[in-house]
>>> print(open('work_7.txt').read())   # compact mmCIF, C-alpha atoms
# COMPACT_ATOMS: atom_id res chain seq x y z
CA HIS V 1 33.85 31.93 4.71
CA GLY V 2 35.89 30.73 7.66
CA TYR V 3 33.61 27.84 8.67
CA ARG V 4 34.56 24.20 9.21
CA MET V 5 32.33 21.13 9.39
CA GLN V 6 32.45 18.36 11.97
CA LEU V 7 30.83 15.06 11.03
CA HIS V 8 29.41 13.18 14.02
CA ILE V 9 28.09 9.61 13.88
CA VAL V 10 25.36 9.28 16.51
CA ASP V 11 25.62 6.28 18.82
CA ASP V 12 22.41 4.27 19.18
CA ASN V 13 22.70 4.61 22.96
CA ASP V 14 22.63 8.42 22.78
CA VAL V 15 18.86 8.40 23.12
CA ASN V 16 18.46 11.91 24.54
CA GLY V 17 21.38 13.57 22.75
CA ASP V 18 23.44 13.89 25.94
CA GLU V 19 26.69 12.64 24.37
CA THR V 20 26.22 14.72 21.24
CA MET V 21 25.59 17.84 23.33
CA LYS V 22 29.03 17.42 24.91
CA LEU V 23 30.63 17.84 21.47
CA LEU V 24 29.05 21.21 20.77
CA GLU V 25 31.90 23.67 21.17
CA PRO V 26 31.12 27.36 21.80
CA ASP V 27 31.96 28.22 18.18
CA VAL V 28 29.33 25.87 16.68
CA LYS V 29 26.97 27.98 14.57
CA GLY V 30 24.46 25.35 13.46
CA ILE V 31 23.50 21.67 13.30
CA ILE V 32 22.55 19.75 10.16
CA PHE V 33 20.74 16.45 10.67
CA LEU V 34 21.52 14.18 7.71
CA CYS V 35 18.85 11.52 8.38
CA GLY V 36 15.87 10.79 10.58
CA PHE V 37 16.31 10.63 14.36
CA SER V 38 14.04 9.79 17.28
CA ASP V 39 11.90 12.52 18.80
CA SER V 40 13.78 12.17 22.10
CA PHE V 41 17.15 12.77 20.39
CA VAL V 42 15.89 15.78 18.46
CA HIS V 43 14.23 17.17 21.58
CA GLY V 44 17.46 16.64 23.54
CA LEU V 45 19.54 18.59 21.04
CA ASN V 46 17.03 21.40 21.13
CA ARG V 47 18.67 22.36 24.42
CA SER V 48 21.25 24.01 22.18
CA PRO V 49 20.03 27.38 20.87
CA VAL V 50 21.94 27.15 17.55
CA PRO V 51 19.91 26.93 14.31
CA LYS V 52 18.99 23.43 13.15
CA THR V 53 18.32 22.13 9.66
CA PHE V 54 16.94 18.66 8.98
CA PHE V 55 17.83 17.04 5.68
CA ASN V 56 14.85 14.68 5.52
CA ALA V 57 12.46 13.86 8.37
CA PRO V 58 9.77 11.33 9.24
CA VAL V 59 6.43 11.94 7.53
CA GLU V 60 4.76 12.72 10.86
CA ALA V 61 7.39 15.14 12.16
CA THR V 62 5.71 18.18 13.65
CA GLU V 63 8.42 18.21 16.35
CA TYR V 64 11.08 18.71 13.69
CA LEU V 65 9.29 21.76 12.29
CA ALA V 66 9.12 23.26 15.77
CA TYR V 67 12.90 23.05 16.12
CA GLY V 68 14.17 24.06 12.69
CA ASN V 69 13.82 23.83 8.91
CA VAL V 70 13.28 20.61 6.97
CA VAL V 71 14.96 20.31 3.55
CA SER V 72 13.66 17.57 1.24
CA LEU V 73 14.41 16.32 -2.26
CA GLU V 74 11.82 16.37 -5.02
CA GLY V 75 10.94 12.77 -5.69
CA ARG V 76 7.23 12.66 -6.42
CA PHE V 77 7.30 13.91 -10.00
CA ALA V 78 10.67 12.37 -10.83
CA ILE V 79 9.48 8.87 -9.89
CA ARG V 80 6.10 9.52 -11.49
CA THR V 81 7.95 10.20 -14.76
CA LEU V 82 9.99 7.00 -14.58
CA VAL V 83 6.99 4.86 -13.60
CA GLN V 84 5.04 6.36 -16.50
CA ARG V 85 7.90 5.38 -18.79
CA ALA V 86 7.80 1.83 -17.40
CA ILE V 87 4.04 1.65 -17.97
CA GLU V 88 4.45 2.81 -21.56
CA LYS V 89 6.94 -0.03 -22.05
CA GLY V 90 4.38 -2.55 -20.80
CA SER V 91 4.78 -2.78 -17.00
CA ARG V 92 1.51 -3.48 -15.18
CA THR V 93 2.57 -4.87 -11.79
CA PHE V 94 4.77 -2.91 -9.39
CA ALA V 95 6.56 -3.38 -6.09
CA PHE V 96 7.91 -0.65 -3.81
CA ILE V 97 10.75 -1.20 -1.33
CA GLY V 98 11.65 1.47 1.24
CA HIS V 99 10.61 2.74 4.68
CA ALA V 100 8.26 5.48 3.50
CA PRO V 101 6.65 6.48 6.84
CA GLY V 102 10.07 7.17 8.35
CA SER V 103 11.28 9.44 5.57
CA PHE V 104 9.52 12.32 3.89
CA ASN V 105 11.86 11.93 0.92
CA ILE V 106 11.06 8.24 0.45
CA GLN V 107 7.33 8.84 0.98
CA THR V 108 7.30 11.28 -1.93
CA ARG V 109 8.84 8.56 -4.12
CA LEU V 110 6.09 6.14 -3.13
CA ASP V 111 3.53 8.88 -3.80
CA GLY V 112 5.00 9.39 -7.26
CA MET V 113 4.61 5.72 -8.08
CA LEU V 114 1.02 5.61 -6.81
CA MET V 115 0.21 8.79 -8.72
CA ALA V 116 1.38 7.28 -12.00
CA LEU V 117 -0.52 4.05 -11.36
CA LYS V 118 -3.73 5.95 -10.61
CA GLU V 119 -3.37 8.05 -13.75
CA ASN V 120 -3.12 4.83 -15.77
CA ASN V 121 -5.98 3.03 -13.97
CA ILE V 122 -3.60 0.45 -12.50
CA GLU V 123 -4.56 -0.79 -9.05
CA PRO V 124 -1.52 -1.14 -6.75
CA ASP V 125 -1.11 -4.47 -4.96
CA PRO V 126 -0.88 -3.73 -1.19
CA THR V 127 1.06 -6.96 -0.63
CA MET V 128 3.83 -5.61 -2.87
CA LEU V 129 4.39 -2.39 -0.90
CA TYR V 130 7.33 -3.18 1.39
CA THR V 131 7.47 -0.08 3.58
CA ASP V 132 7.82 -1.48 7.10
CA TYR V 133 10.51 -0.24 9.47
CA ILE V 134 13.40 -2.69 9.87
CA LYS V 135 15.43 -1.67 12.91
CA GLU V 136 18.38 -4.05 12.78
CA CYS V 137 19.75 -3.29 9.34
CA TYR V 138 17.26 -1.18 7.41
CA TYR V 139 16.98 -2.53 3.85
CA ASN V 140 20.44 -4.04 3.44
CA TYR V 141 21.19 -6.80 0.96
CA SER V 142 20.14 -9.74 3.13
CA VAL V 143 16.79 -8.08 3.92
CA VAL V 144 16.08 -7.19 0.28
CA GLU V 145 17.14 -10.63 -0.96
CA LYS V 146 14.75 -12.28 1.51
CA LEU V 147 11.92 -9.99 0.39
CA VAL V 148 12.50 -10.69 -3.29
CA LEU V 149 12.85 -14.45 -2.89
CA ASN V 150 9.65 -14.64 -0.84
CA MET V 151 7.44 -12.38 -2.96
CA PRO V 152 4.17 -13.96 -4.10
CA TYR V 153 5.25 -13.15 -7.66
CA ILE V 154 7.92 -11.15 -9.47
CA PRO V 155 6.41 -7.84 -10.60
CA ASP V 156 7.06 -6.17 -13.92
CA ALA V 157 8.78 -3.29 -12.13
CA PHE V 158 10.41 -2.42 -8.80
CA VAL V 159 10.50 1.11 -7.43
CA CYS V 160 13.22 1.38 -4.78
CA ALA V 161 13.98 3.92 -2.07
CA ASN V 162 17.45 4.52 -3.50
CA ASP V 163 20.11 3.07 -5.79
CA ASP V 164 21.51 0.78 -3.08
CA VAL V 165 18.16 -0.98 -2.68
CA ALA V 166 17.83 -1.11 -6.47
CA LYS V 167 21.24 -2.84 -6.74
CA TYR V 168 20.20 -5.36 -4.08
CA VAL V 169 17.00 -6.08 -6.02
CA ALA V 170 18.95 -6.62 -9.24
CA THR V 171 21.39 -8.96 -7.49
CA ALA V 172 18.61 -10.95 -5.84
CA LEU V 173 16.73 -11.28 -9.13
CA SER V 174 19.86 -12.60 -10.84
CA LYS V 175 19.97 -15.41 -8.27
CA ILE V 176 16.54 -16.51 -9.43
CA ASN V 177 17.30 -16.13 -13.13
CA LEU V 178 20.12 -14.22 -14.79
CA VAL V 179 17.76 -12.62 -17.30
CA LEU V 180 15.36 -11.24 -14.67
CA PRO V 181 17.31 -8.00 -13.98
CA ILE V 182 17.16 -7.34 -17.72
CA LYS V 183 13.49 -8.25 -18.19
CA THR V 184 12.34 -6.44 -15.03
CA THR V 185 12.24 -2.66 -14.77
CA ILE V 186 14.17 -1.49 -11.70
CA ILE V 187 13.94 2.15 -10.61
CA GLY V 188 16.31 3.65 -8.05
CA PHE V 189 17.13 7.15 -6.83
CA ASP V 190 20.28 9.32 -6.32
CA ASN V 191 22.33 8.36 -9.41
CA THR V 192 25.10 6.75 -7.37
CA LEU V 193 25.50 3.71 -9.62
CA GLU V 194 29.15 3.04 -10.45
CA ASP V 195 29.22 -0.51 -11.75
CA SER V 196 28.45 -0.70 -15.47
CA PHE V 197 26.43 -3.88 -14.87
CA PHE V 198 23.92 -2.03 -12.71
CA LYS V 199 23.84 1.02 -14.96
CA GLN V 200 22.47 -1.18 -17.72
CA ASP V 201 19.69 -2.59 -15.57
CA ILE V 202 18.57 0.29 -13.34
CA MET V 203 16.85 3.60 -14.08
CA THR V 204 17.64 6.30 -11.53
CA VAL V 205 17.04 9.95 -10.67
CA ASP V 206 20.00 12.31 -10.82
CA ILE V 207 20.46 14.50 -7.74
CA ARG V 208 22.50 17.66 -8.20
>>> encode(input="work_7.txt", output="structure tokens")
Amino acid sequence: HGYRMQLHIVDDNDVNGDETMKLLEPDVKGIIFLCGFSDSFVHGLNRSPVPKTFFNAPVEATEYLAYGNVVSLEGRFAIRTLVQRAIEKGSRTFAFIGHAPGSFNIQTRLDGMLMALKENNIEPDPTMLYTDYIKECYYNYSVVEKLVLNMPYIPDAFVCANDDVAKYVATALSKINLVLPIKTTIIGFDNTLEDSFFKQDIMTVDIR
């Protein structure tokens, strides 16, 4: 249709969107935000009158709704289904890893897990819900490995924010015992698993 797309990686120092605003040529017809940004950055870009669409947003994001549309992925019922499957196979203890308050998409995945647990009269362990914000490196491998190695116990199942976190969990578990990734149910999201090793050990949700 005659459009082109420019991908822009936002610098952490561009707090108010000043640098990004300089890149908006007169022919720009819209802005798509591919992840969560600070209120000050979103507010700064609202100086541009072009339509804005947010793919994902923080849970408490009334500012986002004032500036444009928020598009989210269905995760609540998809994760509920996989957690129910894990329960039917015998899982009774669960851990969740992912910054839920900062992402509406991830929060729905946590909600799906909690929904399935409630429906099966399983009380979630608050100490096994790892949802804090980690500024330096989000939930990269070193962060996830540290979480797993320092857990009070290894749960029957892990529900992860995405497939990357799920892979990190599987790798960390294998450092404890090679059979743990096989014995433990690991649930991811996105269906981005390429390595056959991980495909055997991780359940995921396909995103079309």
>>> closest_residue(input="work_7.txt", among="V:Ile87, V:Leu45, V:Ile106, V:Val205", to="Ile122 in chain V", atoms="only C-alpha atoms")
V:Ile87
>>> closest_residue(input="work_7.txt", among="V:Tyr168, V:Phe94, V:Tyr138, V:Tyr133", to="Leu117 in chain V", atoms="all atoms listed in the file")
V:Phe94
>>> residues_around(input="work_7.txt", residues="Gly98 in chain V", least_positions_apart="3", cutoff="7 Å", atoms="only C-alpha atoms", output="PyMOL selection string")
chain V and resi 106+130-131+160-161
>>> closest_atom_pairs(input="work_7.txt", of="range 8-112 of chain V", to="range 178-188 of chain V", cutoff="9 Å", atoms="all atoms listed in the file", output="Markdown table")
| residue | atom | partner | partner_atom | distance |
| --- | --- | --- | --- | --- |
| V:Ile79 | CA | V:Ile187 | CA | 8.1 |
| V:Leu82 | CA | V:Ile187 | CA | 7.4 |
| V:Val83 | CA | V:Ile187 | CA | 8.0 |
| V:Ala86 | CA | V:Thr185 | CA | 6.8 |
| V:Ser91 | CA | V:Thr185 | CA | 7.8 |
>>> closest_residue(input="work_7.txt", among="V:Met115, V:Val165, V:Val70, V:Val59", to="Ile97 in chain V", atoms="all atoms listed in the file")
V:Val165
>>> atom_distance(input="work_7.txt", atom1="CA of Asp18 in chain V", atom2="CA of Arg47 in chain V")
9.8 Å
>>> atom_distance(input="work_7.txt", atom1="CA of Gly30 in chain V", atom2="CA of Gly2 in chain V")
13.9 Å
>>> closest_residue(input="work_7.txt", among="V:Gly68, V:Gly112, V:Pro152, V:Pro126", to="Phe54 in chain V", atoms="all atoms listed in the file")
V:Gly68
>>> closest_residue(input="work_7.txt", among="V:Glu63, V:Ser40, V:His8, V:His1", to="Lys22 in chain V", atoms="all atoms listed in the file")
V:His8
>>> atom_distance(input="work_7.txt", atom1="CA of Phe104 in chain V", atom2="CA of Ile207 in chain V")
16.1 Å
>>> closest_residue(input="work_7.txt", among="V:Glu88, V:Thr204, V:Tyr139, V:Asp27", to="Arg109 in chain V", atoms="all atoms listed in the file")
V:Thr204
>>> decode(input="work_7.txt", residues="range 32-116 of chain V", atoms="C-alpha atoms", output="short mmCIF file (atom, residue, chain, number, x, y, z; two decimals), in the first residue's frame")
data_model
loop_
_atom_site.label_atom_id
_atom_site.label_comp_id
_atom_site.auth_asym_id
_atom_site.auth_seq_id
_atom_site.Cartn_x
_atom_site.Cartn_y
_atom_site.Cartn_z
CA ILE V 32 3.69 1.44 17.03
CA PHE V 33 5.18 0.87 20.49
CA LEU V 34 6.47 -2.71 20.67
CA CYS V 35 7.01 -2.88 24.45
CA GLY V 36 6.37 -0.94 27.63
CA PHE V 37 7.85 2.54 28.05
CA SER V 38 7.93 5.09 30.85
CA ASP V 39 5.05 7.52 31.23
CA SER V 40 7.41 10.44 30.53
CA PHE V 41 8.52 8.91 27.21
CA VAL V 42 4.96 8.15 26.10
CA HIS V 43 3.84 11.62 27.16
CA GLY V 44 6.76 13.17 25.26
CA LEU V 45 5.86 11.40 22.03
CA ASN V 46 2.28 12.52 22.40
CA ARG V 47 3.53 15.88 21.12
CA SER V 48 3.23 14.23 17.71
CA PRO V 49 -0.38 14.18 16.49
CA VAL V 50 -0.01 10.91 14.51
CA PRO V 51 -2.01 7.86 15.67
CA LYS V 52 -0.32 5.62 18.24
CA THR V 53 -0.79 1.93 18.90
CA PHE V 54 0.74 0.17 21.90
CA PHE V 55 1.53 -3.51 21.56
CA ASN V 56 1.41 -4.35 25.27
CA ALA V 57 1.38 -1.86 28.15
CA PRO V 58 1.86 -1.80 31.91
CA VAL V 59 -1.10 -3.08 33.90
CA GLU V 60 -1.74 0.38 35.36
CA ALA V 61 -1.55 2.33 32.09
CA THR V 62 -4.39 4.82 31.92
CA GLU V 63 -1.98 7.27 30.23
CA TYR V 64 -1.51 4.83 27.36
CA LEU V 65 -5.24 4.61 26.75
CA ALA V 66 -5.46 8.40 26.63
CA TYR V 67 -2.90 8.52 23.81
CA GLY V 68 -3.86 5.58 21.61
CA ASN V 69 -4.99 1.96 21.35
CA VAL V 70 -3.50 -0.93 23.31
CA VAL V 71 -3.25 -4.31 21.54
CA SER V 72 -2.68 -7.36 23.76
CA LEU V 73 -2.31 -11.10 23.28
CA GLU V 74 -4.73 -13.58 24.80
CA GLY V 75 -2.80 -15.40 27.49
CA ARG V 76 -5.18 -15.98 30.36
CA PHE V 77 -7.10 -18.93 28.94
CA ALA V 78 -4.14 -20.36 27.02
CA ILE V 79 -2.02 -20.61 30.18
CA ARG V 80 -5.01 -21.77 32.18
CA THR V 81 -5.33 -24.68 29.74
CA LEU V 82 -1.67 -25.67 30.02
CA VAL V 83 -1.63 -25.36 33.82
CA GLN V 84 -4.77 -27.51 33.98
CA ARG V 85 -2.96 -30.09 31.87
CA ALA V 86 -0.01 -29.98 34.28
CA ILE V 87 -2.33 -30.44 37.26
CA GLU V 88 -3.97 -33.44 35.61
CA LYS V 89 -0.49 -34.95 35.22
CA GLY V 90 0.17 -34.53 38.93
CA SER V 91 1.69 -31.05 39.43
CA ARG V 92 0.74 -29.45 42.75
CA THR V 93 3.39 -26.78 43.32
CA PHE V 94 3.97 -23.94 40.87
CA ALA V 95 6.35 -21.06 40.31
CA PHE V 96 5.82 -18.04 38.05
CA ILE V 97 8.67 -15.99 36.56
CA GLY V 98 7.99 -12.71 34.75
CA HIS V 99 7.41 -9.01 35.44
CA ALA V 100 3.62 -9.11 35.50
CA PRO V 101 2.86 -5.57 36.78
CA GLY V 102 4.87 -4.05 33.94
CA SER V 103 3.13 -5.94 31.16
CA PHE V 104 -0.56 -6.48 30.58
CA ASN V 105 0.29 -9.49 28.42
CA ILE V 106 2.40 -11.15 31.13
CA GLN V 107 -0.15 -10.31 33.83
CA THR V 108 -2.82 -12.23 31.91
CA ARG V 109 -0.50 -15.26 31.88
CA LEU V 110 -0.10 -15.04 35.66
CA ASP V 111 -3.89 -14.65 35.97
CA GLY V 112 -4.36 -17.79 33.89
CA MET V 113 -2.13 -19.79 36.19
CA LEU V 114 -3.86 -18.49 39.32
CA MET V 115 -7.26 -19.19 37.77
CA ALA V 116 -6.38 -22.83 37.14
#
